[in-house]
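Engineer: The structure follows.
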Amino acid sequence: MRTAPRTATRITPGLAGLPAEVDVVVVGLGVTGAGVALDAVSRGLSVLAVDAHDLAFGTSRFSSKLVHGGLRYLASGQVGIAHESAVERGILMETTAPHLTRPLPSIIPLSAGVSRPMGTLAGAGLLGGDLLRRAAGTSGDTLPRPRRLSAAETRRIAPPLRTDGLRGAYLGWDGQLEDDARLVTTIARTAARRGAHVRTHARVVAATGREVRLRDELTGATATVATRTVVNAAGVWAGDLVDDVRLRPSRGTHLVLRPETLPGLDVAVFAPIPGETNRFVLVLPQPDGQFYVGLTDEPADGPVPDVAQPTEVEIGFLLDVVAASFARPLRRADVVGAFAGLRPLLDSGPGEDDSTADLSRKHAVLTSSGGVVTIVGGKLTTYRRMAEDAVDAAVAQAGLTAGPCVTATLPLAGAAPRAELADLAAKAAHPGTARLIRRYGADADLVLAAAREATGWTEADLLAPLDDGLATVAAELVFGVTHEGAADVADLLDRRTRIGLVPADRARAVPAAEKVLAVVQESPLQR
Ligand SMILES: Cc1cc2nc3c(=O)[nH]c(=O)nc-3n(C[C@H](O)[C@H](O)[C@H](O)COP(=O)(O)OP(=O)(O)OC[C@H]3O[C@@H](n4cnc5c(N)ncnc54)[C@H](O)[C@@H]3O)c2cc1C
């Protein structure tokens, strides 16, 4: 065990200043790789963690942004996975990331399309979910108990619902993220703060258990780094680096709707899929007021694309299912964006468990003949546990001396009790400050101070929305460049912020992102 370097407190793009030798190289900076980097550095190991593109470039930015309690695994009898999910949800919401998570109320409307047996089943499911919460030790203040709503209460809580034949609803609670890419960025920044070298735009082109060859994707420069062990957390691309891991991705699509499409709706709605007894399409209200509607599960055979594309068939399916639950007709023109992610499902071979939906949530740690430790599968909610298992395996395989895993009690950068942050946000003199508190927690001051220092702009300029109808403020973009390894417009608009999920908004924000990049990259402080 070496002493972790204290110099690497910011995430930077490319290969300049790379260490010649480390204990652990982590390949991939989705939620899994970022979690592995944090786990390893907090055990006292020296760490280099890289992504070929950017933080959260892969599946991790295209999730439903839920911190699941594992209800559906309970329904299929997978009690162990369900319990693990519920425990990890509690850790995120109560200890490590209260600033990036919130309790999300969801309703299952008992509408004409939901038969009485289906309603009873759904209600029993919510009660089962509450048992899971209690077994995991998560407080009822964090996630209140489910209950039955009358038809009048349902109409009040979800005004845009279709009301003919509405018998009431079940109300339950689960966890929701501020944003999945923001979680990944925060985990990676926490690792960097503790001394991990975290690099974007740095591709691993070859790896053995002892060495990695890297290419700087911005300059084309190459480098070799010696290491005691390598953890491959490359998601659906994990099989490109090692011969003995095969994946069978499946695609999940979401739609994006504007706030005015379903006015007054701030609970999630489960819309029943016709002809299915216990499958729903979810309408998920987001912190900025938009709605995401998902989700599909389609096999995605063939070469793995950099970015998966939703099909018109998937978009039409999701729209048709949810439209049946609302009074106002929903049309294709209401869909202002759509995004798809690939589930990194492990192909267990013919004759093994063929159910892709179940496989995706189990995680697996595999050590290949060349000594590379691969971690795949699982889900966003359980990233911490996946990272712990991967680092345990890497430490054992390489014979490293490392401390115990501490991440269950290690708050992520900016973490503070939710009530404390809400109080700060309520007292904020400027709405832009309240927004920074929502997205960076107790680090909001740091974000603003760093942005002021790098640009010399006034607070008013840094806290102003980028454009009409775009809530993102310039300070977020500046901090993305100074501290979070963003190198281009796409890093800023598609991952540090999520403006890019709506193409029309993205086009309007490009000039602001270009301006920030030019100003910060010219700043003497950046060189
Ligand atoms: C549609 C959908 C919805 C989901 N919703 C939820 C949800 O609501 N809640 C939940 O808990 N889970 C959810 N999941 C599951 C969860 O999103 C994934 O399990 C998780 O994000 C996978 O993260 P990862 O880090 O393993 O992979 P990724 O996020 O794909 O990261 C892999 C990274 O490796 C990098 N990389 C690849 N090759 C190299 C290389 N050679 N060198 C360097 N870097 C490389 C890539 O650029 C990429 O950034 C969902 C999944 C899907 C598909």
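Following the order of the structure tokens, first chain is A, next is B, and so on, with residues numbered from 1 inside each chain and ligands from 1 in the order they appear.
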Quick check for you: according to DSSP on this backbone, which residues of range 28-208 of chain A are classed as helix (DSSP H, G or I)? Reply as number ranges by chain.

Structural biologist: A: 31-42, 59-61, 71-75, 79-96, 98-100, 116-135, 151-157, 180-193

Engineer: Using only C-alpha atoms and all ligand atoms, determine which residues fall within 6 Å of ligand 1, then list them as a ChimeraX atom specification.

Structural biologist: /A:27-33,50-53,55-60,62-68,203-205,233-237,251-253,340-343,376-381

Engineer: Would you export the selected residues with N, CA and C atoms as a compact mmCIF listing (two decimals), in the first residue's frame, please?

Structural biologist:
# COMPACT_ATOMS: atom_id res chain seq x y z
N VAL A 27 -10.86 1.13 -15.36
CA VAL A 27 -11.23 1.43 -16.75
C VAL A 27 -12.72 1.72 -16.81
N GLY A 28 -13.08 2.95 -17.16
CA GLY A 28 -14.49 3.31 -17.28
C GLY A 28 -14.94 4.15 -16.10
N LEU A 29 -15.59 5.27 -16.40
CA LEU A 29 -16.09 6.15 -15.33
C LEU A 29 -17.59 6.35 -15.45
N GLY A 30 -18.31 5.22 -15.56
CA GLY A 30 -19.75 5.25 -15.29
C GLY A 30 -19.88 5.16 -13.78
N VAL A 31 -21.09 4.87 -13.31
CA VAL A 31 -21.29 4.84 -11.86
C VAL A 31 -20.42 3.74 -11.23
N THR A 32 -20.23 2.62 -11.95
CA THR A 32 -19.48 1.50 -11.37
C THR A 32 -18.00 1.88 -11.23
N GLY A 33 -17.38 2.37 -12.30
CA GLY A 33 -15.96 2.71 -12.25
C GLY A 33 -15.69 3.85 -11.26
N VAL A 50 -9.91 6.14 -15.52
CA VAL A 50 -10.02 6.85 -16.80
C VAL A 50 -11.31 6.51 -17.53
N ASP A 51 -11.75 7.43 -18.36
CA ASP A 51 -12.83 7.11 -19.29
C ASP A 51 -12.42 7.51 -20.70
N ALA A 52 -12.75 6.66 -21.66
CA ALA A 52 -12.38 6.92 -23.05
C ALA A 52 -13.04 8.19 -23.57
N HIS A 53 -14.24 8.49 -23.08
CA HIS A 53 -14.96 9.68 -23.51
C HIS A 53 -15.05 10.68 -22.36
N LEU A 55 -16.98 11.32 -18.10
CA LEU A 55 -17.73 10.79 -16.97
C LEU A 55 -19.16 10.50 -17.44
N ALA A 56 -19.70 9.36 -17.03
CA ALA A 56 -21.11 9.02 -17.34
C ALA A 56 -21.42 9.05 -18.83
N PHE A 57 -20.43 8.72 -19.66
CA PHE A 57 -20.70 8.73 -21.10
C PHE A 57 -21.63 7.57 -21.50
N GLY A 58 -21.55 6.45 -20.80
CA GLY A 58 -22.27 5.23 -21.22
C GLY A 58 -23.67 5.15 -20.63
N THR A 59 -24.03 3.95 -20.18
CA THR A 59 -25.38 3.67 -19.70
C THR A 59 -25.79 4.57 -18.54
N SER A 60 -24.82 4.94 -17.70
CA SER A 60 -25.16 5.61 -16.44
C SER A 60 -25.91 6.92 -16.60
N PHE A 62 -28.30 7.37 -18.90
CA PHE A 62 -29.58 7.13 -19.58
C PHE A 62 -30.52 6.27 -18.73
N SER A 63 -30.32 6.28 -17.41
CA SER A 63 -31.17 5.46 -16.53
C SER A 63 -32.50 6.17 -16.27
N SER A 64 -33.35 5.53 -15.46
CA SER A 64 -34.61 6.17 -15.05
C SER A 64 -34.38 7.12 -13.88
N LYS A 65 -33.15 7.18 -13.39
CA LYS A 65 -32.74 8.09 -12.32
C LYS A 65 -33.47 7.78 -11.00
N LEU A 66 -33.74 6.49 -10.81
CA LEU A 66 -34.40 6.07 -9.57
C LEU A 66 -33.40 5.34 -8.68
N VAL A 67 -33.56 5.52 -7.37
CA VAL A 67 -32.80 4.73 -6.42
C VAL A 67 -33.79 3.69 -5.92
N HIS A 68 -33.73 2.52 -6.54
CA HIS A 68 -34.77 1.51 -6.36
C HIS A 68 -34.68 0.77 -5.04
N ARG A 203 -8.41 6.83 -23.15
CA ARG A 203 -8.88 5.47 -23.47
C ARG A 203 -7.82 4.43 -23.12
N VAL A 204 -8.25 3.36 -22.49
CA VAL A 204 -7.36 2.21 -22.31
C VAL A 204 -7.43 1.40 -23.61
N VAL A 205 -6.29 1.27 -24.31
CA VAL A 205 -6.31 0.52 -25.57
C VAL A 205 -5.88 -0.93 -25.36
N ALA A 233 -14.34 -1.68 -15.62
CA ALA A 233 -15.73 -1.28 -15.33
C ALA A 233 -16.28 -0.59 -16.57
N ALA A 234 -16.06 -1.21 -17.73
CA ALA A 234 -16.39 -0.56 -19.01
C ALA A 234 -17.80 -0.86 -19.48
N GLY A 235 -18.68 -1.33 -18.59
CA GLY A 235 -20.10 -1.51 -18.92
C GLY A 235 -20.29 -2.39 -20.15
N VAL A 236 -21.14 -1.95 -21.08
CA VAL A 236 -21.42 -2.77 -22.26
C VAL A 236 -20.19 -2.97 -23.15
N TRP A 237 -19.13 -2.22 -22.89
CA TRP A 237 -17.88 -2.38 -23.66
C TRP A 237 -16.86 -3.25 -22.93
N ARG A 251 -31.84 -2.67 -24.77
CA ARG A 251 -32.02 -1.22 -24.84
C ARG A 251 -33.27 -0.77 -24.08
N GLY A 252 -33.11 0.28 -23.31
CA GLY A 252 -34.25 0.87 -22.60
C GLY A 252 -34.40 2.32 -23.02
N THR A 253 -35.62 2.69 -23.40
CA THR A 253 -35.87 4.04 -23.93
C THR A 253 -36.77 4.85 -23.00
N ALA A 340 -31.96 6.65 -25.02
CA ALA A 340 -31.92 5.20 -24.80
C ALA A 340 -30.60 4.80 -24.16
N GLY A 341 -30.65 3.79 -23.30
CA GLY A 341 -29.44 3.26 -22.67
C GLY A 341 -29.38 1.76 -22.86
N LEU A 342 -28.18 1.22 -22.80
CA LEU A 342 -27.99 -0.23 -22.97
C LEU A 342 -27.67 -0.87 -21.63
N ARG A 343 -28.48 -1.85 -21.23
CA ARG A 343 -28.22 -2.56 -19.99
C ARG A 343 -27.03 -3.50 -20.20
N VAL A 376 -19.39 -6.27 -13.85
CA VAL A 376 -20.49 -5.92 -14.76
C VAL A 376 -21.85 -6.25 -14.14
N GLY A 377 -22.90 -5.78 -14.84
CA GLY A 377 -24.27 -6.05 -14.41
C GLY A 377 -24.66 -5.07 -13.32
N GLY A 378 -25.52 -5.53 -12.42
CA GLY A 378 -25.95 -4.68 -11.31
C GLY A 378 -26.79 -3.51 -11.78
N LYS A 379 -26.83 -2.48 -10.97
CA LYS A 379 -27.58 -1.28 -11.34
C LYS A 379 -27.02 -0.09 -10.60
N LEU A 380 -27.51 1.04 -10.99
CA LEU A 380 -27.00 2.28 -10.43
C LEU A 380 -27.12 2.29 -8.89
N THR A 381 -28.27 1.88 -8.39
CA THR A 381 -28.52 1.92 -6.95
C THR A 381 -27.47 1.14 -6.16

Engineer: Report as a list in words all protein, DNA and RNA residues lying within 7 Å of range 291-304 of chain A, evaluated on only C-alpha atoms, omitting residues in the same chain fewer than 4 positions from it.

Structural biologist: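 Returned residues: Pro249, Ser250, Arg251, Gly252, Thr253, His254, Leu255, Val256, Leu257, Arg258, Pro259, Val281, Leu282, Val283, Leu284, Pro285, Gln286, Glu314 and Leu318 of chain A.
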
Engineer: So which one's closest to Ser369 in chain A, A:Thr200, A:Thr409, A:Thr208, A:Thr382? Using only C-alpha atoms, please.

Structural biologist: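 Result for the nearest residue to Ser369 in chain A: A:Thr208.
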
Engineer: Could you please write out, as a ChimeraX atom specification, every residue of range 234-462 of chain A that DSSP assigns to strand (DSSP E or B)?

Structural biologist: /A:247,250-257,268-272,280-285,291-294,298-299,326,335-343,346,363-367,373-377

Engineer: With only C-alpha atoms as the counted atoms, please give the residues lying no more than 12 Å from Leu493 in chain A, apart from itself and same-chain residues fewer than 4 positions off, as a ChimeraX atom specification.

Structural biologist: /A:57,181,466,470,472-474,476-478,480-481,486-489,497-503,505-514,516-517

Engineer: Just how far from CA of Gly414 in chain A is CA of Thr458 in chain A, in Å to one decimal?

Structural biologist: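 Taking CA of Thr458 in chain A and CA of Gly414 in chain A, their separation equals 23.2 Å.
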
Engineer: Can you tell me how far CA of Lys515 in chain A sits from CA of Ala490 in chain A, in Å to one decimal?

Structural biologist: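 Computed distance, CA of Lys515 in chain A to CA of Ala490 in chain A, equals 13.4 Å.
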
Engineer: Set the distance at 12 Å and use only C-alpha atoms: which residues neighbour Glu276 in chain A once local chain neighbours fewer than 6 positions away are removed? I'd like the list as a ChimeraX atom specification.

Structural biologist: /A:113-115,118,321

Engineer: Find the residues near range 120-130 of chain A: any atom within 10 Å, counting only C-alpha atoms, skip ones fewer than 6 places away on the same chain, and give them as an mmCIF file with N, CA and C atoms, in the first residue's frame.

Structural biologist:
data_model
loop_
_atom_site.group_PDB
_atom_site.id
_atom_site.type_symbol
_atom_site.label_atom_id
_atom_site.label_comp_id
_atom_site.auth_asym_id
_atom_site.auth_seq_id
_atom_site.Cartn_x
_atom_site.Cartn_y
_atom_site.Cartn_z
ATOM 1 N N HIS A 68 -33.729 2.525 -6.540
ATOM 2 C CA HIS A 68 -34.771 1.509 -6.357
ATOM 3 C C HIS A 68 -34.678 0.766 -5.038
ATOM 4 N N GLY A 69 -35.820 0.442 -4.501
ATOM 5 C CA GLY A 69 -35.836 -0.434 -3.341
ATOM 6 C C GLY A 69 -35.831 -1.905 -3.688
ATOM 7 N N GLY A 70 -35.880 -2.261 -4.954
ATOM 8 C CA GLY A 70 -35.767 -3.676 -5.320
ATOM 9 C C GLY A 70 -37.074 -4.444 -5.269
ATOM 10 N N LEU A 71 -38.189 -3.696 -5.369
ATOM 11 C CA LEU A 71 -39.512 -4.308 -5.257
ATOM 12 C C LEU A 71 -39.737 -5.428 -6.269
ATOM 13 N N ARG A 72 -39.324 -5.193 -7.520
ATOM 14 C CA ARG A 72 -39.650 -6.180 -8.552
ATOM 15 C C ARG A 72 -38.894 -7.485 -8.333
ATOM 16 N N LEU A 74 -38.291 -8.691 -5.374
ATOM 17 C CA LEU A 74 -39.054 -9.350 -4.317
ATOM 18 C C LEU A 74 -40.193 -10.137 -4.970
ATOM 19 N N ALA A 75 -40.852 -9.462 -5.945
ATOM 20 C CA ALA A 75 -41.982 -10.095 -6.635
ATOM 21 C C ALA A 75 -41.532 -11.379 -7.335
ATOM 22 N N ALA A 82 -33.221 -8.011 -3.706
ATOM 23 C CA ALA A 82 -34.158 -6.974 -3.258
ATOM 24 C C ALA A 82 -33.638 -6.316 -1.973
ATOM 25 N N HIS A 83 -33.152 -7.140 -1.038
ATOM 26 C CA HIS A 83 -32.661 -6.595 0.231
ATOM 27 C C HIS A 83 -31.424 -5.733 -0.004
ATOM 28 N N ALA A 86 -32.436 -2.406 -1.342
ATOM 29 C CA ALA A 86 -33.072 -1.547 -0.326
ATOM 30 C C ALA A 86 -32.025 -0.998 0.640
ATOM 31 N N ILE A 108 -50.226 4.497 -8.164
ATOM 32 C CA ILE A 108 -50.770 3.523 -9.109
ATOM 33 C C ILE A 108 -52.270 3.822 -9.167
ATOM 34 N N PRO A 109 -52.720 4.559 -10.206
ATOM 35 C CA PRO A 109 -54.140 4.908 -10.248
ATOM 36 C C PRO A 109 -54.986 3.657 -10.466
ATOM 37 N N LEU A 110 -56.078 3.565 -9.737
ATOM 38 C CA LEU A 110 -56.999 2.444 -9.941
ATOM 39 C C LEU A 110 -58.039 2.936 -10.943
ATOM 40 N N VAL A 114 -57.322 -0.778 -14.904
ATOM 41 C CA VAL A 114 -56.690 -1.619 -13.875
ATOM 42 C C VAL A 114 -57.782 -2.437 -13.199
ATOM 43 N N ALA A 136 -34.387 -3.014 5.757
ATOM 44 C CA ALA A 136 -33.097 -2.380 5.429
ATOM 45 C C ALA A 136 -32.738 -1.295 6.443
ATOM 46 N N THR A 138 -34.248 1.658 6.821
ATOM 47 C CA THR A 138 -34.447 3.028 6.310
ATOM 48 C C THR A 138 -35.651 3.656 7.007
ATOM 49 N N GLY A 140 -38.895 5.807 8.164
ATOM 50 C CA GLY A 140 -40.182 6.196 7.574
ATOM 51 C C GLY A 140 -40.246 7.696 7.304
ATOM 52 N N LEU A 143 -38.645 7.642 3.699
ATOM 53 C CA LEU A 143 -39.598 7.067 2.738
ATOM 54 C C LEU A 143 -40.863 6.673 3.484
ATOM 55 N N PRO A 144 -41.880 7.543 3.435
ATOM 56 C CA PRO A 144 -43.115 7.264 4.189
ATOM 57 C C PRO A 144 -43.787 5.956 3.771
ATOM 58 N N ARG A 145 -44.675 5.478 4.636
ATOM 59 C CA ARG A 145 -45.382 4.218 4.374
ATOM 60 C C ARG A 145 -46.391 4.413 3.245
ATOM 61 N N PRO A 146 -46.644 3.367 2.465
ATOM 62 C CA PRO A 146 -47.636 3.488 1.397
ATOM 63 C C PRO A 146 -49.050 3.569 1.968
ATOM 64 N N ARG A 147 -49.963 4.118 1.200
ATOM 65 C CA ARG A 147 -51.361 4.122 1.638
ATOM 66 C C ARG A 147 -52.296 4.201 0.435
ATOM 67 N N ARG A 148 -53.570 3.887 0.721
ATOM 68 C CA ARG A 148 -54.605 3.918 -0.304
ATOM 69 C C ARG A 148 -55.172 5.331 -0.339
ATOM 70 N N ALA A 169 -56.334 5.360 -5.743
ATOM 71 C CA ALA A 169 -54.963 5.010 -6.151
ATOM 72 C C ALA A 169 -54.225 4.444 -4.947
ATOM 73 N N TYR A 170 -53.125 3.756 -5.203
ATOM 74 C CA TYR A 170 -52.165 3.442 -4.138
ATOM 75 C C TYR A 170 -51.028 4.433 -4.244
ATOM 76 N N LEU A 171 -50.616 4.953 -3.087
ATOM 77 C CA LEU A 171 -49.499 5.904 -3.048
ATOM 78 C C LEU A 171 -48.313 5.227 -2.361
ATOM 79 N N GLY A 172 -47.176 5.203 -3.022
ATOM 80 C CA GLY A 172 -45.963 4.629 -2.425
ATOM 81 C C GLY A 172 -44.786 5.573 -2.625
ATOM 82 N N TRP A 173 -43.633 5.214 -2.066
ATOM 83 C CA TRP A 173 -42.456 6.102 -2.112
ATOM 84 C C TRP A 173 -41.223 5.312 -2.486
ATOM 85 N N ASP A 174 -40.378 5.927 -3.310
ATOM 86 C CA ASP A 174 -39.079 5.332 -3.621
ATOM 87 C C ASP A 174 -38.081 6.483 -3.711
ATOM 88 N N THR A 277 -50.283 -8.101 -16.484
ATOM 89 C CA THR A 277 -50.864 -7.999 -15.141
ATOM 90 C C THR A 277 -50.063 -7.094 -14.224
ATOM 91 N N ASN A 278 -48.743 -7.074 -14.372
ATOM 92 C CA ASN A 278 -47.971 -6.317 -13.394
ATOM 93 C C ASN A 278 -46.822 -5.549 -14.048
ATOM 94 N N ARG A 279 -47.089 -4.969 -15.222
ATOM 95 C CA ARG A 279 -46.057 -4.164 -15.879
ATOM 96 C C ARG A 279 -46.632 -2.792 -16.202
#
